[in-house]
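Novice: Input structure: model_26.txt, which contains compact mmCIF, N, CA and C atoms.
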```txt
# COMPACT_ATOMS: atom_id res chain seq x y z
N MET A 1 0.85 -1.18 0.00
CA MET A 1 0.00 0.00 0.00
C MET A 1 0.89 1.23 0.00
N ALA A 2 0.60 2.15 -0.86
CA ALA A 2 1.47 3.30 -1.06
C ALA A 2 1.30 4.37 0.02
N MET A 3 0.09 4.76 0.30
CA MET A 3 -0.13 5.84 1.27
C MET A 3 -0.69 5.27 2.56
N PRO A 4 -0.40 5.93 3.68
CA PRO A 4 -0.90 5.45 4.97
C PRO A 4 -2.43 5.45 5.04
N ARG A 5 -2.99 4.49 5.77
CA ARG A 5 -4.44 4.36 5.91
C ARG A 5 -5.07 5.59 6.55
N TRP A 6 -4.34 6.28 7.44
CA TRP A 6 -4.95 7.45 8.09
C TRP A 6 -5.25 8.54 7.07
N VAL A 7 -4.46 8.64 6.02
CA VAL A 7 -4.72 9.63 4.97
C VAL A 7 -6.01 9.26 4.24
N ALA A 8 -6.20 7.98 3.99
CA ALA A 8 -7.43 7.52 3.34
C ALA A 8 -8.65 7.85 4.20
N ARG A 9 -8.53 7.66 5.51
CA ARG A 9 -9.66 7.95 6.40
C ARG A 9 -10.00 9.44 6.40
N VAL A 10 -8.97 10.29 6.39
CA VAL A 10 -9.20 11.75 6.33
C VAL A 10 -9.89 12.10 5.01
N ASN A 11 -9.40 11.56 3.91
CA ASN A 11 -10.03 11.84 2.61
C ASN A 11 -11.48 11.40 2.60
N LYS A 12 -11.75 10.21 3.14
CA LYS A 12 -13.10 9.65 3.14
C LYS A 12 -14.07 10.53 3.93
N LYS A 13 -13.62 11.03 5.07
CA LYS A 13 -14.50 11.82 5.96
C LYS A 13 -14.56 13.30 5.61
N VAL A 14 -13.44 13.86 5.11
CA VAL A 14 -13.36 15.31 4.91
C VAL A 14 -13.44 15.70 3.43
N PHE A 15 -12.53 15.17 2.64
CA PHE A 15 -12.40 15.66 1.27
C PHE A 15 -13.39 15.03 0.28
N ASN A 16 -13.74 13.76 0.45
CA ASN A 16 -14.70 13.15 -0.46
C ASN A 16 -16.05 13.87 -0.46
N PRO A 17 -16.61 14.22 0.71
CA PRO A 17 -17.88 14.96 0.69
C PRO A 17 -17.77 16.31 -0.03
N ILE A 18 -16.63 16.96 0.10
CA ILE A 18 -16.43 18.24 -0.59
C ILE A 18 -16.42 18.01 -2.10
N GLU A 19 -15.71 16.98 -2.54
CA GLU A 19 -15.63 16.67 -3.97
C GLU A 19 -17.01 16.28 -4.53
N LEU A 20 -17.78 15.54 -3.75
CA LEU A 20 -19.13 15.16 -4.19
C LEU A 20 -20.01 16.39 -4.36
N ARG A 21 -19.90 17.36 -3.44
CA ARG A 21 -20.70 18.59 -3.55
C ARG A 21 -20.29 19.41 -4.77
N LYS A 22 -19.00 19.45 -5.06
CA LYS A 22 -18.53 20.21 -6.23
C LYS A 22 -19.09 19.64 -7.52
N GLY A 23 -19.20 18.31 -7.60
CA GLY A 23 -19.76 17.67 -8.77
C GLY A 23 -18.90 17.71 -10.01
N VAL A 24 -17.58 17.83 -9.85
CA VAL A 24 -16.68 17.95 -11.00
C VAL A 24 -16.01 16.62 -11.34
N ARG A 25 -15.64 15.87 -10.33
CA ARG A 25 -14.90 14.62 -10.54
C ARG A 25 -15.82 13.46 -10.89
N PRO A 26 -15.29 12.45 -11.56
CA PRO A 26 -16.05 11.22 -11.76
C PRO A 26 -16.42 10.60 -10.40
N VAL A 27 -17.58 9.96 -10.33
CA VAL A 27 -18.04 9.35 -9.08
C VAL A 27 -18.39 7.89 -9.36
N LEU A 28 -17.81 7.03 -8.55
CA LEU A 28 -18.06 5.60 -8.65
C LEU A 28 -19.08 5.23 -7.57
N THR A 29 -20.18 4.61 -7.98
CA THR A 29 -21.23 4.18 -7.05
C THR A 29 -21.13 2.67 -6.88
N HIS A 30 -21.09 2.25 -5.62
CA HIS A 30 -20.93 0.83 -5.30
C HIS A 30 -21.72 0.50 -4.05
N VAL A 31 -21.91 -0.79 -3.79
CA VAL A 31 -22.71 -1.26 -2.67
C VAL A 31 -21.80 -1.91 -1.63
N GLY A 32 -22.01 -1.55 -0.36
CA GLY A 32 -21.22 -2.12 0.73
C GLY A 32 -21.39 -3.62 0.82
N ARG A 33 -20.30 -4.32 0.98
CA ARG A 33 -20.34 -5.78 0.99
C ARG A 33 -20.98 -6.33 2.26
N SER A 34 -20.96 -5.60 3.35
CA SER A 34 -21.60 -6.05 4.60
C SER A 34 -22.90 -5.33 4.86
N SER A 35 -22.88 -4.01 4.66
CA SER A 35 -24.05 -3.19 5.01
C SER A 35 -25.13 -3.20 3.94
N GLY A 36 -24.76 -3.41 2.68
CA GLY A 36 -25.72 -3.31 1.60
C GLY A 36 -26.04 -1.87 1.24
N ARG A 37 -25.39 -0.95 1.90
CA ARG A 37 -25.60 0.49 1.69
C ARG A 37 -24.92 0.94 0.40
N THR A 38 -25.50 1.93 -0.27
CA THR A 38 -24.92 2.49 -1.49
C THR A 38 -23.94 3.59 -1.11
N TYR A 39 -22.75 3.52 -1.70
CA TYR A 39 -21.70 4.50 -1.46
C TYR A 39 -21.31 5.17 -2.76
N ARG A 40 -20.87 6.41 -2.65
CA ARG A 40 -20.38 7.17 -3.80
C ARG A 40 -18.98 7.65 -3.49
N THR A 41 -18.05 7.32 -4.37
CA THR A 41 -16.64 7.65 -4.17
C THR A 41 -16.13 8.47 -5.34
N PRO A 42 -15.72 9.72 -5.08
CA PRO A 42 -15.13 10.53 -6.16
C PRO A 42 -13.68 10.10 -6.39
N LEU A 43 -13.33 9.94 -7.65
CA LEU A 43 -11.96 9.54 -7.98
C LEU A 43 -11.67 9.79 -9.44
N ASP A 44 -10.44 9.58 -9.83
CA ASP A 44 -10.07 9.71 -11.24
C ASP A 44 -10.39 8.41 -11.96
N ALA A 45 -10.95 8.53 -13.14
CA ALA A 45 -11.28 7.37 -13.97
C ALA A 45 -10.63 7.59 -15.33
N HIS A 46 -9.89 6.60 -15.77
CA HIS A 46 -9.19 6.70 -17.05
C HIS A 46 -9.81 5.72 -18.04
N GLN A 47 -10.37 6.28 -19.11
CA GLN A 47 -11.02 5.43 -20.11
C GLN A 47 -9.97 4.67 -20.91
N VAL A 48 -10.21 3.39 -21.05
CA VAL A 48 -9.37 2.50 -21.85
C VAL A 48 -10.30 1.71 -22.77
N ASP A 49 -9.74 0.88 -23.63
CA ASP A 49 -10.58 0.08 -24.53
C ASP A 49 -11.61 -0.72 -23.73
N ASN A 50 -12.89 -0.49 -24.02
CA ASN A 50 -14.01 -1.23 -23.42
C ASN A 50 -14.08 -1.14 -21.91
N GLY A 51 -13.59 -0.05 -21.31
CA GLY A 51 -13.70 0.06 -19.87
C GLY A 51 -12.96 1.24 -19.29
N TYR A 52 -12.63 1.09 -17.99
CA TYR A 52 -11.96 2.15 -17.25
C TYR A 52 -10.91 1.57 -16.32
N LEU A 53 -9.90 2.37 -16.07
CA LEU A 53 -8.85 2.04 -15.11
C LEU A 53 -8.89 3.04 -13.97
N PHE A 54 -8.67 2.55 -12.76
CA PHE A 54 -8.66 3.38 -11.56
C PHE A 54 -7.33 3.16 -10.84
N ILE A 55 -6.70 4.25 -10.45
CA ILE A 55 -5.42 4.18 -9.75
C ILE A 55 -5.71 3.94 -8.27
N LEU A 56 -5.12 2.89 -7.70
CA LEU A 56 -5.38 2.53 -6.30
C LEU A 56 -4.30 3.15 -5.42
N VAL A 57 -4.44 4.43 -5.17
CA VAL A 57 -3.46 5.18 -4.38
C VAL A 57 -3.33 4.60 -2.97
N TYR A 58 -4.43 4.09 -2.42
CA TYR A 58 -4.40 3.51 -1.07
C TYR A 58 -4.35 1.99 -1.09
N GLY A 59 -4.20 1.41 -2.25
CA GLY A 59 -4.08 -0.04 -2.35
C GLY A 59 -5.42 -0.74 -2.51
N SER A 60 -5.34 -2.03 -2.77
CA SER A 60 -6.54 -2.83 -3.03
C SER A 60 -7.33 -3.16 -1.76
N GLY A 61 -6.81 -2.81 -0.60
CA GLY A 61 -7.53 -3.05 0.65
C GLY A 61 -8.55 -1.97 0.97
N SER A 62 -8.64 -0.93 0.16
CA SER A 62 -9.61 0.14 0.40
C SER A 62 -11.03 -0.40 0.34
N ASP A 63 -11.88 0.15 1.18
CA ASP A 63 -13.27 -0.32 1.25
C ASP A 63 -13.95 -0.32 -0.11
N TRP A 64 -13.80 0.77 -0.87
CA TRP A 64 -14.50 0.84 -2.15
C TRP A 64 -14.02 -0.25 -3.10
N VAL A 65 -12.74 -0.56 -3.08
CA VAL A 65 -12.20 -1.61 -3.94
C VAL A 65 -12.75 -2.96 -3.50
N GLN A 66 -12.74 -3.22 -2.20
CA GLN A 66 -13.25 -4.48 -1.68
C GLN A 66 -14.74 -4.65 -1.98
N ASN A 67 -15.50 -3.56 -1.88
CA ASN A 67 -16.93 -3.62 -2.21
C ASN A 67 -17.16 -4.02 -3.66
N ILE A 68 -16.41 -3.41 -4.54
CA ILE A 68 -16.57 -3.68 -5.97
C ILE A 68 -16.10 -5.09 -6.31
N MET A 69 -15.00 -5.52 -5.72
CA MET A 69 -14.53 -6.88 -5.98
C MET A 69 -15.55 -7.91 -5.50
N ALA A 70 -16.21 -7.63 -4.38
CA ALA A 70 -17.21 -8.56 -3.84
C ALA A 70 -18.47 -8.62 -4.69
N SER A 71 -18.92 -7.45 -5.16
CA SER A 71 -20.18 -7.42 -5.92
C SER A 71 -19.98 -7.71 -7.41
N GLY A 72 -18.81 -7.36 -7.92
CA GLY A 72 -18.54 -7.56 -9.34
C GLY A 72 -19.07 -6.47 -10.24
N THR A 73 -19.69 -5.44 -9.64
CA THR A 73 -20.25 -4.36 -10.45
C THR A 73 -20.09 -3.01 -9.74
N ALA A 74 -20.26 -1.96 -10.53
CA ALA A 74 -20.31 -0.59 -10.02
C ALA A 74 -20.86 0.26 -11.15
N SER A 75 -21.18 1.50 -10.84
CA SER A 75 -21.55 2.42 -11.91
C SER A 75 -20.69 3.67 -11.77
N LEU A 76 -20.40 4.28 -12.89
CA LEU A 76 -19.53 5.44 -12.94
C LEU A 76 -20.28 6.61 -13.55
N ARG A 77 -20.34 7.71 -12.82
CA ARG A 77 -20.93 8.95 -13.33
C ARG A 77 -19.78 9.81 -13.79
N ILE A 78 -19.71 10.02 -15.11
CA ILE A 78 -18.61 10.80 -15.68
C ILE A 78 -19.14 11.61 -16.87
N ASP A 79 -18.77 12.87 -16.89
CA ASP A 79 -19.20 13.78 -17.97
C ASP A 79 -20.72 13.76 -18.16
N GLY A 80 -21.45 13.68 -17.06
CA GLY A 80 -22.91 13.72 -17.12
C GLY A 80 -23.57 12.42 -17.55
N LYS A 81 -22.79 11.36 -17.74
CA LYS A 81 -23.34 10.06 -18.16
C LYS A 81 -23.14 9.03 -17.06
N GLU A 82 -24.07 8.10 -16.97
CA GLU A 82 -23.98 6.98 -16.03
C GLU A 82 -23.57 5.74 -16.82
N ILE A 83 -22.46 5.12 -16.41
CA ILE A 83 -21.92 3.97 -17.13
C ILE A 83 -21.87 2.78 -16.18
N ASP A 84 -22.47 1.67 -16.58
CA ASP A 84 -22.42 0.44 -15.78
C ASP A 84 -21.10 -0.27 -16.05
N LEU A 85 -20.45 -0.69 -14.98
CA LEU A 85 -19.17 -1.38 -15.09
C LEU A 85 -19.27 -2.76 -14.46
N THR A 86 -18.48 -3.68 -14.99
CA THR A 86 -18.48 -5.06 -14.52
C THR A 86 -17.08 -5.65 -14.61
N SER A 87 -16.92 -6.86 -14.15
CA SER A 87 -15.67 -7.63 -14.24
C SER A 87 -14.46 -6.90 -13.64
N PRO A 88 -14.54 -6.53 -12.36
CA PRO A 88 -13.39 -5.86 -11.74
C PRO A 88 -12.22 -6.82 -11.59
N ARG A 89 -11.04 -6.31 -11.83
CA ARG A 89 -9.83 -7.10 -11.63
C ARG A 89 -8.66 -6.19 -11.38
N LEU A 90 -7.76 -6.66 -10.55
CA LEU A 90 -6.54 -5.90 -10.26
C LEU A 90 -5.55 -6.15 -11.38
N VAL A 91 -4.89 -5.09 -11.79
CA VAL A 91 -3.86 -5.22 -12.82
C VAL A 91 -2.59 -4.55 -12.31
N THR A 92 -1.48 -4.97 -12.87
CA THR A 92 -0.18 -4.43 -12.47
C THR A 92 0.03 -3.04 -13.06
N LYS A 93 1.01 -2.39 -12.54
CA LYS A 93 1.39 -1.06 -13.02
C LYS A 93 1.77 -1.11 -14.50
N GLU A 94 2.49 -2.14 -14.88
CA GLU A 94 2.93 -2.26 -16.26
C GLU A 94 1.74 -2.40 -17.22
N ILE A 95 0.79 -3.22 -16.85
CA ILE A 95 -0.40 -3.40 -17.68
C ILE A 95 -1.19 -2.10 -17.74
N ALA A 96 -1.39 -1.47 -16.59
CA ALA A 96 -2.16 -0.22 -16.55
C ALA A 96 -1.50 0.86 -17.40
N GLU A 97 -0.20 1.02 -17.25
CA GLU A 97 0.50 2.05 -18.01
C GLU A 97 0.43 1.79 -19.51
N SER A 98 0.41 0.52 -19.92
CA SER A 98 0.34 0.22 -21.35
C SER A 98 -1.05 0.49 -21.92
N GLN A 99 -2.08 0.51 -21.06
CA GLN A 99 -3.46 0.72 -21.53
C GLN A 99 -3.94 2.16 -21.37
N MET A 100 -3.31 2.90 -20.47
CA MET A 100 -3.77 4.27 -20.20
C MET A 100 -3.48 5.20 -21.36
N PRO A 101 -4.37 6.19 -21.53
CA PRO A 101 -4.11 7.19 -22.56
C PRO A 101 -2.84 7.99 -22.21
N SER A 102 -2.18 8.49 -23.23
CA SER A 102 -0.94 9.23 -23.01
C SER A 102 -1.16 10.52 -22.21
N THR A 103 -2.40 11.00 -22.19
CA THR A 103 -2.71 12.22 -21.45
C THR A 103 -2.97 11.97 -19.96
N ALA A 104 -3.07 10.70 -19.57
CA ALA A 104 -3.37 10.37 -18.17
C ALA A 104 -2.19 10.75 -17.27
N LYS A 105 -2.52 11.36 -16.15
CA LYS A 105 -1.50 11.73 -15.18
C LYS A 105 -1.34 10.59 -14.18
N LEU A 106 -0.18 9.97 -14.19
CA LEU A 106 0.10 8.87 -13.26
C LEU A 106 0.55 9.44 -11.92
N PRO A 107 0.36 8.68 -10.84
CA PRO A 107 0.80 9.17 -9.54
C PRO A 107 2.31 9.30 -9.49
N PRO A 108 2.81 10.22 -8.66
CA PRO A 108 4.27 10.38 -8.54
C PRO A 108 4.92 9.07 -8.08
N LYS A 109 6.14 8.84 -8.53
CA LYS A 109 6.85 7.59 -8.21
C LYS A 109 7.04 7.37 -6.71
N PHE A 110 7.18 8.47 -5.95
CA PHE A 110 7.43 8.32 -4.51
C PHE A 110 6.24 7.69 -3.78
N LEU A 111 5.05 7.70 -4.40
CA LEU A 111 3.89 7.05 -3.78
C LEU A 111 3.93 5.53 -3.90
N ARG A 112 4.77 5.03 -4.80
CA ARG A 112 4.96 3.59 -4.99
C ARG A 112 3.63 2.84 -5.25
N VAL A 113 2.79 3.42 -6.09
CA VAL A 113 1.54 2.78 -6.45
C VAL A 113 1.84 1.64 -7.42
N THR A 114 1.37 0.46 -7.06
CA THR A 114 1.64 -0.72 -7.91
C THR A 114 0.36 -1.43 -8.35
N GLU A 115 -0.79 -1.03 -7.80
CA GLU A 115 -2.04 -1.71 -8.12
C GLU A 115 -3.02 -0.76 -8.80
N PHE A 116 -3.74 -1.30 -9.75
CA PHE A 116 -4.76 -0.56 -10.47
C PHE A 116 -5.97 -1.46 -10.59
N LEU A 117 -7.14 -0.85 -10.67
CA LEU A 117 -8.38 -1.61 -10.86
C LEU A 117 -8.87 -1.39 -12.27
N ARG A 118 -9.13 -2.47 -12.96
CA ARG A 118 -9.65 -2.41 -14.34
C ARG A 118 -11.06 -2.95 -14.32
N MET A 119 -11.99 -2.22 -14.94
CA MET A 119 -13.37 -2.68 -15.07
C MET A 119 -13.81 -2.50 -16.52
N ASP A 120 -14.70 -3.39 -16.95
CA ASP A 120 -15.22 -3.34 -18.31
C ASP A 120 -16.55 -2.60 -18.32
N THR A 121 -16.81 -1.93 -19.44
CA THR A 121 -18.11 -1.31 -19.64
C THR A 121 -19.11 -2.40 -19.95
N ARG A 122 -20.22 -2.39 -19.23
CA ARG A 122 -21.25 -3.41 -19.46
C ARG A 122 -21.94 -3.11 -20.77
N LEU A 123 -22.02 -4.10 -21.62
CA LEU A 123 -22.67 -3.93 -22.91
C LEU A 123 -24.17 -3.87 -22.71
N GLN A 124 -24.81 -2.92 -23.36
CA GLN A 124 -26.26 -2.72 -23.21
C GLN A 124 -27.02 -3.62 -24.13
```
Written as structure tokens, how would this file's structure read?
Specialist:
Amino acid sequence: MAMPRWVARVNKKVFNPIELRKGVRPVLTHVGRSSGRTYRTPLDAHQVDNGYLFILVYGSGSDWVQNIMASGTASLRIDGKEIDLTSPRLVTKEIAESQMPSTAKLPPKFLRVTEFLRMDTRLQ
């Protein structure tokens, strides 16, 4: 895991609600694996062939990642559109970098991010 868990907790409680109110960032909607509650997580989403890649700055142990892995689905609100996503899987940095658009901003090397989440766009 690249960043300490306490930073993730601060972001979850303080900064995520601010980002949700702003309504500028992509928002991933997922269901809690224990509670069944619907959660909304603002984050960067990078479009790739037939899906999206998400940078796991806090690692694959993050609640939102675990929720999506357990359910197998999520929806992404981006650019005013709602997109259904399926087939979550962790991919390596090398795979992610080879699929990301050249305009995508990768995390700084000092964060040592090595995990990415890849999801496919659900065909309608």
Novice: Counting all atoms listed in the file, which residues sit no farther than 5 Å from the position (-19.7, 3.5, -16.8) in the file's frame? I'd like them as a VMD selection string.
Specialist: chain A and resid 76 82 to 85
Novice: Which residue, A:Ser60, A:Ser71, A:Gly36, A:Val48, has the smallest gap to Glu115 in chain A when you use all atoms listed in the file?
Specialist: A:Ser60
Novice: Using Å and a single decimal, report how far CA of Val65 in chain A sits from CA of Arg118 in chain A.
Specialist: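 We find that CA of Arg118 in chain A and CA of Val65 in chain A lie 10.7 Å from each other.
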Novice: Once you count only C-alpha atoms, which residues end up no further than 12 Å from (-10.5, 1.6, -22.0) in the file's frame, shown as a PyMOL selection string?
Specialist: chain A and resi 45-54+85+96-101+104+117-121
Novice: Filtering to N, CA and C atoms, could you give me those residues as a PDB file, in the frame of the given file?
Specialist:
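The resulting part-v8.pdb:
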```pdb
ATOM      1  N   ALA A  45     -10.950   8.530 -13.140  1.00  0.00           N
ATOM      2  CA  ALA A  45     -11.280   7.370 -13.970  1.00  0.00           C
ATOM      3  C   ALA A  45     -10.630   7.590 -15.330  1.00  0.00           C
ATOM      4  N   HIS A  46      -9.890   6.600 -15.770  1.00  0.00           N
ATOM      5  CA  HIS A  46      -9.190   6.700 -17.050  1.00  0.00           C
ATOM      6  C   HIS A  46      -9.810   5.720 -18.040  1.00  0.00           C
ATOM      7  N   GLN A  47     -10.370   6.280 -19.110  1.00  0.00           N
ATOM      8  CA  GLN A  47     -11.020   5.430 -20.110  1.00  0.00           C
ATOM      9  C   GLN A  47      -9.970   4.670 -20.910  1.00  0.00           C
ATOM     10  N   VAL A  48     -10.210   3.390 -21.050  1.00  0.00           N
ATOM     11  CA  VAL A  48      -9.370   2.500 -21.850  1.00  0.00           C
ATOM     12  C   VAL A  48     -10.300   1.710 -22.770  1.00  0.00           C
ATOM     13  N   ASP A  49      -9.740   0.880 -23.630  1.00  0.00           N
ATOM     14  CA  ASP A  49     -10.580   0.080 -24.530  1.00  0.00           C
ATOM     15  C   ASP A  49     -11.610  -0.720 -23.730  1.00  0.00           C
ATOM     16  N   ASN A  50     -12.890  -0.490 -24.020  1.00  0.00           N
ATOM     17  CA  ASN A  50     -14.010  -1.230 -23.420  1.00  0.00           C
ATOM     18  C   ASN A  50     -14.080  -1.140 -21.910  1.00  0.00           C
ATOM     19  N   GLY A  51     -13.590  -0.050 -21.310  1.00  0.00           N
ATOM     20  CA  GLY A  51     -13.700   0.060 -19.870  1.00  0.00           C
ATOM     21  C   GLY A  51     -12.960   1.240 -19.290  1.00  0.00           C
ATOM     22  N   TYR A  52     -12.630   1.090 -17.990  1.00  0.00           N
ATOM     23  CA  TYR A  52     -11.960   2.150 -17.250  1.00  0.00           C
ATOM     24  C   TYR A  52     -10.910   1.570 -16.320  1.00  0.00           C
ATOM     25  N   LEU A  53      -9.900   2.370 -16.070  1.00  0.00           N
ATOM     26  CA  LEU A  53      -8.850   2.040 -15.110  1.00  0.00           C
ATOM     27  C   LEU A  53      -8.890   3.040 -13.970  1.00  0.00           C
ATOM     28  N   PHE A  54      -8.670   2.550 -12.760  1.00  0.00           N
ATOM     29  CA  PHE A  54      -8.660   3.380 -11.560  1.00  0.00           C
ATOM     30  C   PHE A  54      -7.330   3.160 -10.840  1.00  0.00           C
ATOM     31  N   LEU A  85     -20.450  -0.690 -14.980  1.00  0.00           N
ATOM     32  CA  LEU A  85     -19.170  -1.380 -15.090  1.00  0.00           C
ATOM     33  C   LEU A  85     -19.270  -2.760 -14.460  1.00  0.00           C
ATOM     34  N   ALA A  96      -1.390  -1.470 -16.590  1.00  0.00           N
ATOM     35  CA  ALA A  96      -2.160  -0.220 -16.550  1.00  0.00           C
ATOM     36  C   ALA A  96      -1.500   0.860 -17.400  1.00  0.00           C
ATOM     37  N   GLU A  97      -0.200   1.020 -17.250  1.00  0.00           N
ATOM     38  CA  GLU A  97       0.500   2.050 -18.010  1.00  0.00           C
ATOM     39  C   GLU A  97       0.430   1.790 -19.510  1.00  0.00           C
ATOM     40  N   SER A  98       0.410   0.520 -19.920  1.00  0.00           N
ATOM     41  CA  SER A  98       0.340   0.220 -21.350  1.00  0.00           C
ATOM     42  C   SER A  98      -1.050   0.490 -21.920  1.00  0.00           C
ATOM     43  N   GLN A  99      -2.080   0.510 -21.060  1.00  0.00           N
ATOM     44  CA  GLN A  99      -3.460   0.720 -21.530  1.00  0.00           C
ATOM     45  C   GLN A  99      -3.940   2.160 -21.370  1.00  0.00           C
ATOM     46  N   MET A 100      -3.310   2.900 -20.470  1.00  0.00           N
ATOM     47  CA  MET A 100      -3.770   4.270 -20.200  1.00  0.00           C
ATOM     48  C   MET A 100      -3.480   5.200 -21.360  1.00  0.00           C
ATOM     49  N   PRO A 101      -4.370   6.190 -21.530  1.00  0.00           N
ATOM     50  CA  PRO A 101      -4.110   7.190 -22.560  1.00  0.00           C
ATOM     51  C   PRO A 101      -2.840   7.990 -22.210  1.00  0.00           C
ATOM     52  N   ALA A 104      -3.070  10.700 -19.570  1.00  0.00           N
ATOM     53  CA  ALA A 104      -3.370  10.370 -18.170  1.00  0.00           C
ATOM     54  C   ALA A 104      -2.190  10.750 -17.270  1.00  0.00           C
ATOM     55  N   LEU A 117      -7.140  -0.850 -10.670  1.00  0.00           N
ATOM     56  CA  LEU A 117      -8.380  -1.610 -10.860  1.00  0.00           C
ATOM     57  C   LEU A 117      -8.870  -1.390 -12.270  1.00  0.00           C
ATOM     58  N   ARG A 118      -9.130  -2.470 -12.960  1.00  0.00           N
ATOM     59  CA  ARG A 118      -9.650  -2.410 -14.340  1.00  0.00           C
ATOM     60  C   ARG A 118     -11.060  -2.950 -14.320  1.00  0.00           C
ATOM     61  N   MET A 119     -11.990  -2.220 -14.940  1.00  0.00           N
ATOM     62  CA  MET A 119     -13.370  -2.680 -15.070  1.00  0.00           C
ATOM     63  C   MET A 119     -13.810  -2.500 -16.520  1.00  0.00           C
ATOM     64  N   ASP A 120     -14.700  -3.390 -16.950  1.00  0.00           N
ATOM     65  CA  ASP A 120     -15.220  -3.340 -18.310  1.00  0.00           C
ATOM     66  C   ASP A 120     -16.550  -2.600 -18.320  1.00  0.00           C
ATOM     67  N   THR A 121     -16.810  -1.930 -19.440  1.00  0.00           N
ATOM     68  CA  THR A 121     -18.110  -1.310 -19.640  1.00  0.00           C
ATOM     69  C   THR A 121     -19.110  -2.400 -19.950  1.00  0.00           C
TER      70      THR A 121
END
```
Novice: Figure out the distance between atom N of Thr103 in chain A and CA of Trp64 in chain A, please, to one decimal in Å.
Specialist: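 So the two atoms, CA of Trp64 in chain A and atom N of Thr103 in chain A, lie 25.5 Å apart.
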